[in-house]
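Engineer: Below is the file query.txt, with compact mmCIF, C-alpha atoms and all ligand atoms.
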# COMPACT_ATOMS: atom_id res chain seq x y z
CA MET A 112 6.98 -23.56 -7.61
CA THR A 113 4.13 -24.67 -5.37
CA ALA A 114 1.06 -22.49 -5.73
CA LEU A 115 -0.27 -20.51 -2.78
CA LEU A 116 -3.76 -20.24 -4.21
CA GLU A 117 -5.08 -23.00 -6.42
CA VAL A 118 -8.47 -22.60 -8.05
CA SER A 119 -9.54 -25.80 -9.68
CA GLY A 120 -12.59 -26.28 -11.89
CA ILE A 121 -14.87 -23.93 -9.98
CA SER A 122 -18.32 -22.99 -11.24
CA VAL A 123 -21.00 -20.75 -9.77
CA SER A 124 -24.46 -20.11 -11.14
CA PHE A 125 -26.91 -17.39 -10.13
CA ASP A 126 -30.47 -18.30 -11.12
CA GLY A 127 -29.18 -20.65 -13.80
CA PHE A 128 -26.65 -18.13 -15.16
CA ARG A 129 -23.04 -19.36 -15.00
CA ALA A 130 -21.05 -16.44 -13.61
CA ILE A 131 -17.99 -18.67 -13.09
CA ASN A 132 -17.60 -21.51 -15.55
CA ASN A 133 -15.05 -24.21 -14.78
CA LEU A 134 -12.41 -21.68 -13.75
CA SER A 135 -8.91 -22.94 -12.97
CA PHE A 136 -5.70 -21.10 -12.28
CA SER A 137 -3.08 -20.68 -9.61
CA ILE A 138 -1.05 -17.97 -7.96
CA GLY A 139 2.43 -18.30 -6.46
CA PRO A 140 3.37 -17.32 -2.91
CA ALA A 141 5.19 -14.09 -3.82
CA GLU A 142 3.54 -13.18 -7.07
CA LEU A 143 1.95 -10.01 -8.37
CA ARG A 144 -0.92 -10.87 -10.70
CA ALA A 145 -3.38 -8.67 -12.52
CA ILE A 146 -6.85 -9.96 -13.35
CA ILE A 147 -8.59 -8.13 -16.15
CA GLY A 148 -11.71 -8.75 -18.18
CA PRO A 149 -14.80 -6.93 -19.40
CA ASN A 150 -17.73 -6.13 -17.11
CA GLY A 151 -19.53 -9.28 -16.04
CA ALA A 152 -16.46 -11.47 -16.68
CA GLY A 153 -16.65 -12.87 -13.14
CA LYS A 154 -13.86 -10.93 -11.42
CA THR A 155 -15.89 -9.91 -8.38
CA THR A 156 -17.48 -13.33 -8.06
CA PHE A 157 -13.98 -14.86 -8.15
CA MET A 158 -12.90 -12.62 -5.24
CA ASP A 159 -16.12 -13.44 -3.39
CA ILE A 160 -15.33 -17.14 -3.70
CA VAL A 161 -11.73 -16.81 -2.54
CA THR A 162 -12.80 -14.77 0.50
CA GLY A 163 -15.60 -17.14 1.46
CA LYS A 164 -18.49 -14.85 0.57
CA THR A 165 -19.80 -17.07 -2.21
CA ARG A 166 -19.65 -20.84 -2.21
CA PRO A 167 -18.76 -22.48 -5.53
CA ASP A 168 -21.26 -25.04 -6.85
CA GLU A 169 -18.36 -27.24 -7.93
CA GLY A 170 -14.59 -27.33 -7.93
CA SER A 171 -12.11 -26.53 -5.18
CA VAL A 172 -10.11 -23.58 -3.90
CA THR A 173 -7.05 -24.35 -1.85
CA PHE A 174 -4.94 -21.81 0.01
CA GLY A 175 -1.60 -23.28 1.00
CA PRO A 176 -2.46 -26.71 2.38
CA ARG A 177 -6.05 -25.75 3.22
CA SER A 178 -9.28 -25.99 1.32
CA ILE A 179 -11.19 -22.71 1.45
CA SER A 180 -14.46 -24.63 1.28
CA LEU A 181 -13.44 -26.56 4.40
CA LEU A 182 -12.87 -23.33 6.33
CA GLY A 183 -16.60 -23.18 6.84
CA MET A 184 -17.05 -20.35 4.35
CA ASN A 185 -16.50 -17.98 7.22
CA GLU A 186 -15.13 -14.66 5.94
CA ALA A 187 -13.49 -13.67 9.23
CA ARG A 188 -11.87 -17.09 9.53
CA ILE A 189 -10.56 -16.91 5.98
CA ALA A 190 -9.14 -13.44 6.64
CA ARG A 191 -7.32 -14.78 9.71
CA GLU A 192 -6.06 -17.64 7.60
CA GLY A 193 -4.17 -15.00 5.61
CA ILE A 194 -6.38 -13.67 2.82
CA GLY A 195 -6.94 -9.90 2.86
CA ARG A 196 -9.34 -8.10 0.56
CA LYS A 197 -9.24 -4.45 -0.30
CA PHE A 198 -12.47 -3.12 -1.78
CA GLN A 199 -12.44 -0.23 -4.19
CA ARG A 200 -13.69 2.41 -1.74
CA PRO A 201 -11.48 3.07 1.24
CA THR A 202 -13.23 2.28 4.52
CA VAL A 203 -11.08 3.93 7.16
CA PHE A 204 -12.36 5.60 10.33
CA GLU A 205 -12.30 9.22 9.18
CA ASP A 206 -12.61 10.76 12.67
CA GLN A 207 -9.67 8.80 14.04
CA SER A 208 -5.98 9.41 13.54
CA VAL A 209 -3.92 7.29 11.17
CA GLN A 210 -2.25 5.79 14.24
CA ASP A 211 -5.60 4.91 15.88
CA ASN A 212 -6.88 3.37 12.67
CA LEU A 213 -3.81 1.14 12.63
CA ILE A 214 -4.17 0.31 16.32
CA LEU A 215 -7.77 -0.74 15.69
CA ALA A 216 -6.63 -2.93 12.81
CA LEU A 217 -3.98 -4.55 15.01
CA LYS A 218 -6.57 -5.08 17.72
CA ALA A 219 -8.89 -6.82 15.31
CA ALA A 220 -6.02 -8.97 14.05
CA ARG A 221 -4.57 -9.87 17.45
CA SER A 222 -7.65 -10.22 19.56
CA PRO A 223 -10.74 -10.64 17.38
CA TRP A 224 -12.90 -11.98 20.22
CA ARG A 225 -11.77 -9.68 22.99
CA VAL A 226 -11.37 -6.34 21.27
CA LEU A 227 -12.59 -4.40 24.31
CA PHE A 228 -9.93 -5.84 26.58
CA TRP A 229 -6.97 -5.33 24.28
CA ALA A 230 -4.59 -2.46 24.89
CA PRO A 231 -1.57 -1.86 22.65
CA LYS A 232 1.82 -2.75 24.12
CA PRO A 233 5.04 -0.90 23.15
CA ALA A 234 5.79 -3.60 20.58
CA ASP A 235 2.37 -3.01 19.01
CA LEU A 236 3.10 0.70 18.66
CA ILE A 237 6.36 -0.16 16.93
CA ARG A 238 4.39 -2.43 14.60
CA VAL A 239 1.97 0.43 13.90
CA LYS A 240 4.91 2.62 12.84
CA GLU A 241 6.26 -0.15 10.62
CA LEU A 242 2.86 -0.58 8.97
CA ALA A 243 2.62 3.16 8.32
CA GLN A 244 6.16 3.13 6.96
CA GLU A 245 5.41 0.22 4.64
CA VAL A 246 2.73 2.26 2.85
CA GLY A 247 4.52 5.64 3.00
CA LEU A 248 2.42 7.17 5.81
CA ALA A 249 5.03 7.27 8.57
CA ASP A 250 4.89 11.08 8.65
CA HIS A 251 1.10 11.15 8.93
CA LEU A 252 0.44 9.07 12.08
CA PRO A 253 -1.15 11.90 14.13
CA ARG A 254 -3.36 13.17 11.28
CA LYS A 255 -7.06 12.43 11.14
CA ALA A 256 -7.72 9.84 8.43
CA GLY A 257 -10.45 12.10 7.08
CA GLU A 258 -7.81 14.72 6.24
CA LEU A 259 -5.79 12.35 4.06
CA SER A 260 -5.95 12.47 0.28
CA HIS A 261 -7.90 9.72 -1.50
CA GLY A 262 -4.67 7.92 -2.34
CA GLN A 263 -3.38 8.14 1.23
CA LYS A 264 -6.67 6.68 2.52
CA GLN A 265 -6.25 3.76 0.14
CA TRP A 266 -2.72 3.17 1.44
CA LEU A 267 -3.92 3.41 5.03
CA GLU A 268 -6.50 0.75 4.33
CA ILE A 269 -3.82 -1.45 2.79
CA ALA A 270 -1.70 -0.96 5.93
CA MET A 271 -4.74 -1.93 8.03
CA LEU A 272 -5.03 -5.13 6.02
CA LEU A 273 -1.32 -5.79 6.50
CA ALA A 274 -1.93 -5.82 10.28
CA GLN A 275 -3.61 -9.17 9.64
CA GLU A 276 -0.30 -10.43 8.09
CA PRO A 277 -1.99 -11.69 4.93
CA ARG A 278 -0.18 -14.10 2.64
CA LEU A 279 -2.57 -13.16 -0.15
CA LEU A 280 -3.89 -9.67 -0.77
CA LEU A 281 -6.78 -9.14 -3.20
CA VAL A 282 -7.01 -5.54 -4.33
CA ASP A 283 -9.89 -4.14 -6.38
CA GLU A 284 -8.96 -1.26 -8.72
CA PRO A 285 -6.38 0.26 -6.37
CA ALA A 286 -5.54 3.26 -8.54
CA ALA A 287 -9.08 4.40 -9.35
CA GLY A 288 -9.49 8.11 -8.66
CA MET A 289 -5.81 8.67 -7.85
CA THR A 290 -3.58 11.47 -9.09
CA PRO A 291 -0.73 10.44 -11.44
CA ALA A 292 1.80 10.75 -8.58
CA GLU A 293 -0.37 8.60 -6.29
CA ARG A 294 -0.77 6.01 -9.05
CA GLU A 295 2.98 5.82 -9.39
CA GLN A 296 3.39 5.35 -5.64
CA THR A 297 0.67 2.72 -5.63
CA THR A 298 2.46 0.81 -8.38
CA ALA A 299 5.67 0.83 -6.34
CA LEU A 300 3.76 -0.20 -3.20
CA LEU A 301 2.06 -3.18 -4.86
CA VAL A 302 5.31 -4.34 -6.46
CA SER A 303 7.04 -4.09 -3.10
CA LEU A 304 4.23 -5.89 -1.21
CA ALA A 305 4.38 -8.75 -3.71
CA LYS A 306 7.99 -9.46 -2.78
CA THR A 307 6.87 -11.15 0.41
CA ARG A 308 3.25 -12.14 -0.28
CA ALA A 309 0.92 -12.80 -3.19
CA VAL A 310 -0.92 -9.74 -4.49
CA VAL A 311 -3.82 -10.04 -6.93
CA VAL A 312 -4.97 -6.80 -8.51
CA VAL A 313 -8.33 -6.64 -10.28
CA GLU A 314 -8.07 -3.74 -12.66
CA HIS A 315 -9.80 -2.09 -15.63
CA ASP A 316 -7.12 0.46 -16.33
CA MET A 317 -4.70 -1.04 -18.86
CA ASP A 318 -2.17 1.73 -18.40
CA PHE A 319 -1.98 0.86 -14.71
CA VAL A 320 -1.71 -2.87 -15.48
CA ARG A 321 1.17 -2.10 -17.83
CA ARG A 322 3.01 -0.31 -15.03
CA LEU A 323 2.60 -3.31 -12.74
CA ASN A 324 4.62 -5.28 -15.28
CA CYS A 325 3.30 -8.63 -14.09
CA ARG A 326 1.54 -11.73 -15.33
CA VAL A 327 -2.01 -11.00 -16.44
CA THR A 328 -5.03 -13.31 -16.36
CA VAL A 329 -7.90 -12.36 -18.66
CA LEU A 330 -11.30 -13.55 -17.50
CA HIS A 331 -14.25 -13.82 -19.86
CA GLU A 332 -17.60 -15.46 -19.15
CA GLY A 333 -16.28 -16.86 -15.90
CA ALA A 334 -13.24 -18.64 -17.33
CA VAL A 335 -9.63 -17.85 -18.22
CA LEU A 336 -9.47 -16.54 -21.79
CA ALA A 337 -5.73 -15.81 -21.85
CA GLU A 338 -2.77 -15.56 -19.51
CA GLY A 339 0.74 -14.13 -19.78
CA SER A 340 2.37 -10.73 -20.10
CA LEU A 341 0.10 -7.80 -20.96
CA ASP A 342 1.64 -7.64 -24.45
CA HIS A 343 1.01 -11.35 -24.92
CA VAL A 344 -2.64 -11.28 -23.86
CA THR A 345 -3.51 -8.07 -25.69
CA ALA A 346 -2.12 -9.56 -28.91
CA ASN A 347 -4.53 -12.49 -28.55
CA PRO A 348 -7.30 -12.16 -31.20
CA GLN A 349 -9.90 -13.58 -28.79
CA VAL A 350 -9.02 -10.98 -26.17
CA ILE A 351 -9.17 -8.22 -28.77
CA SER A 352 -12.56 -9.39 -29.95
CA VAL A 353 -13.93 -9.59 -26.38
CA TYR A 354 -12.73 -6.08 -25.58
CA LEU A 355 -13.97 -4.61 -28.82
CA GLY A 356 -17.25 -6.51 -28.46
CA ARG A 357 -16.88 -8.31 -31.78
P1 LIG A 401 -17.11 -8.51 -12.96
O1 LIG A 401 -16.66 -8.23 -11.57
O2 LIG A 401 -16.05 -9.12 -13.83
O3 LIG A 401 -17.75 -7.32 -13.62
P2 LIG A 401 -19.11 -10.17 -11.66
O4 LIG A 401 -18.38 -11.25 -10.97
O5 LIG A 401 -19.60 -9.03 -10.84
O6 LIG A 401 -18.25 -9.64 -12.91
O7 LIG A 401 -20.39 -10.78 -12.37
C1 LIG A 401 -20.35 -11.92 -13.23
C2 LIG A 401 -21.76 -12.18 -13.71
O8 LIG A 401 -22.53 -12.74 -12.66
C3 LIG A 401 -22.49 -10.94 -14.18
O9 LIG A 401 -23.27 -11.28 -15.32
C4 LIG A 401 -23.36 -10.59 -13.01
O10 LIG A 401 -24.55 -9.93 -13.43
C5 LIG A 401 -23.68 -11.95 -12.40
N1 LIG A 401 -23.85 -11.90 -10.94
C6 LIG A 401 -22.89 -11.62 -10.04
N2 LIG A 401 -23.36 -11.70 -8.78
C7 LIG A 401 -24.69 -12.04 -8.90
C8 LIG A 401 -25.75 -12.27 -7.96
N3 LIG A 401 -25.54 -12.19 -6.64
N4 LIG A 401 -26.97 -12.61 -8.46
C9 LIG A 401 -27.16 -12.71 -9.79
N5 LIG A 401 -26.20 -12.51 -10.71
C10 LIG A 401 -24.99 -12.17 -10.28
Re-express the file's structure as structure tokens.
Structural biologist:
Amino acid sequence: MTALLEVSGISVSFDGFRAINNLSFSIGPAELRAIIGPNGAGKTTFMDIVTGKTRPDEGSVTFGPRSISLLGMNEARIAREGIGRKFQRPTVFEDQSVQDNLILALKAARSPWRVLFWAPKPADLIRVKELAQEVGLADHLPRKAGELSHGQKQWLEIAMLLAQEPRLLLVDEPAAGMTPAEREQTTALLVSLAKTRAVVVVEHDMDFVRRLNCRVTVLHEGAVLAEGSLDHVTANPQVISVYLGR
């Protein structure tokens, strides 16, 4: 299988400290992958590199046929290229309805330079409904986003990212702060999204990672320490010692 995202020998130092140290790994086009690792392992820096926020000192990142470094390290450009990033805290427009949030997201995706002149056509409104449906919010379109539960806001933000038609979705701790029922729905959502695009979940919560039932990459000191099923990596003595601090 040809990789969608290929990270090859990347390193990044901050003031002489190597946050990412010769990191290499790849992700397939319709793959769900969990990235775990202790605090300071380099997970956020990795996402910053893939989304063009941080430039690696060495190595290459390719997305499909393109080199991320050649995309000018422009975050908006990289997003349009098909990489969506969901931060931990939902950033929806609380005063606007779910529908208007999705319309704004479509606007930004369809007409990034002429947002003021863009008005949704009937086909766009159908797309808005589909997006809401994809994340289980079809019955909530008229509600103010501020009235949604924490979990529903997270799903709305995912739907807003989907407006950009990403081929790779990076999601930071999607289940943090959710109720058990919302966590279960989020698991199903991520599994379903990964059928047609790559989804990378950065997660601390091992119980949630277990539910995702996917390949796991363990980062430590900016490099891959172990990779495989959760059972495989958690049986690795090096992983155990890193997590127990021994
Ligand atoms: P994680 O997300 O796995 O907790 P990070 O990628 O945030 O890890 O951080 C990796 C290491 O790089 C940490 O030791 C962190 O302190 C350091 N680091 C990250 N960003 C910066 C920065 N902008 N300046 C200095 N050090 C940084």
Engineer: Which protein, DNA or RNA residues have an atom within 6 Å of ligand LIG 401 (chain A), counting only C-alpha atoms and all ligand atoms, as a ChimeraX atom specification?
Structural biologist: /A:125,130,150-156
Engineer: Could you turn the residues from that selection into a file that holds C-alpha atoms, as an mmCIF file, keeping the file's coordinate frame?
Structural biologist:
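Writing done, so here's selection.cif:
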data_model
loop_
_atom_site.group_PDB
_atom_site.id
_atom_site.type_symbol
_atom_site.label_atom_id
_atom_site.label_comp_id
_atom_site.auth_asym_id
_atom_site.auth_seq_id
_atom_site.Cartn_x
_atom_site.Cartn_y
_atom_site.Cartn_z
ATOM 1 C CA PHE A 125 -26.910 -17.390 -10.130
ATOM 2 C CA ALA A 130 -21.050 -16.440 -13.610
ATOM 3 C CA ASN A 150 -17.730 -6.130 -17.110
ATOM 4 C CA GLY A 151 -19.530 -9.280 -16.040
ATOM 5 C CA ALA A 152 -16.460 -11.470 -16.680
ATOM 6 C CA GLY A 153 -16.650 -12.870 -13.140
ATOM 7 C CA LYS A 154 -13.860 -10.930 -11.420
ATOM 8 C CA THR A 155 -15.890 -9.910 -8.380
ATOM 9 C CA THR A 156 -17.480 -13.330 -8.060
#
Engineer: Can you pull out the residues contacting A:Leu341? Cut-off 9 Å, using all atoms listed in the file, and skip same-chain residues under 5 positions away; I want them as a PyMOL selection string.
Structural biologist: chain A and resi 317+320-321+324-328+346
Engineer: Which one of A:Gly333, A:Gly339, A:Pro176, A:Pro231 sits closest to A:Gln210 if you count all atoms listed in the file?
Structural biologist: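 Closest candidate: A:Pro231.
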Engineer: Between atom CA of A:Phe157 and atom CA of A:Gly262, measure the distance and give it in Å to one decimal.
Structural biologist: 25.3 Å
Engineer: In Å, how far is it from atom CA of A:Leu116 to atom CA of A:Val313?
Structural biologist: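 Computing the Euclidean distance for atom CA of A:Leu116 and atom CA of A:Val313 yields 15.6 Å.
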Engineer: Which residue, A:Thr113, A:Leu143, A:Arg177, A:Ala334, has the smallest gap to A:Arg308 when you use only C-alpha atoms?
Structural biologist: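 Of A:Thr113, A:Leu143, A:Arg177, A:Ala334, the one nearest A:Arg308, counting only C-alpha atoms, is A:Leu143.
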Engineer: Figure out the distance between atom CA of A:Ala299 and atom CA of A:Ala249, please, to one decimal in Å.
Structural biologist: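 For atom CA of A:Ala249 relative to atom CA of A:Ala299, the distance reads 16.3 Å.
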Engineer: Considering all atoms listed in the file, can you say which of A:Thr297, A:Ile214, A:Pro167, A:Asp283 comes closest to A:His261?
Structural biologist: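 Ranking A:Thr297, A:Ile214, A:Pro167, A:Asp283 by distance to A:His261, first place goes to A:Thr297.
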Engineer: Using only C-alpha atoms, can you list as an MDAnalysis selection string the residues within 12 Å of (-4.6, -7.3, -26.8)?
Structural biologist: chainID A and resid 147:148 317 321 327 329 336:355
Engineer: Fewer than 4 positions away in the same chain doesn't count, so skip those; otherwise give me all residues within 12 Å of stretch 234-236 of chain A, counting only C-alpha atoms, as a list of chain:residue names.
Structural biologist: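 My reading of the contact set: A:Gln210, A:Asp211, A:Asn212, A:Leu213, A:Ile214, A:Leu215, A:Ala216, A:Leu217, A:Lys218, A:Ala220, A:Arg221, A:Trp229, A:Ala230, A:Lys240, A:Glu241, A:Leu242, A:Ala243, A:Leu252, A:Ala274.
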Engineer: From the list A:Ser137, A:Val335, A:Ile269, A:Asn132, which residue is nearest A:Leu281 when using only C-alpha atoms?
Structural biologist: A:Ile269
Engineer: Mind checking which residues fall within 10 Å of A:Glu186, counting only C-alpha atoms, ignoring those fewer than 6 positions away in the same chain, and posting them as a PyMOL selection string?
Structural biologist: chain A and resi 159-165+192+194-195
Engineer: From the set A:Gly288, A:Gly127, A:Pro233, A:Pro277, which residue has the shortest atom-to-atom contact distance to A:Ala141, counting only C-alpha atoms?
Structural biologist: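 The answer is A:Pro277, which sits nearest to A:Ala141.
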Engineer: Need the neighbours of (-5.9, 11.9, 12.5): which residues are at most 7 Å away, counting only C-alpha atoms, as a PyMOL selection string?
Structural biologist: chain A and resi 206-209+252-256
Engineer: Which residue out of A:Glu245, A:Asp250, A:Glu276, A:Glu258 has the minimum interatomic distance to A:Ala309 when only C-alpha atoms are used?
Structural biologist: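 Ranked by minimum distance to A:Ala309, first place goes to A:Glu276.
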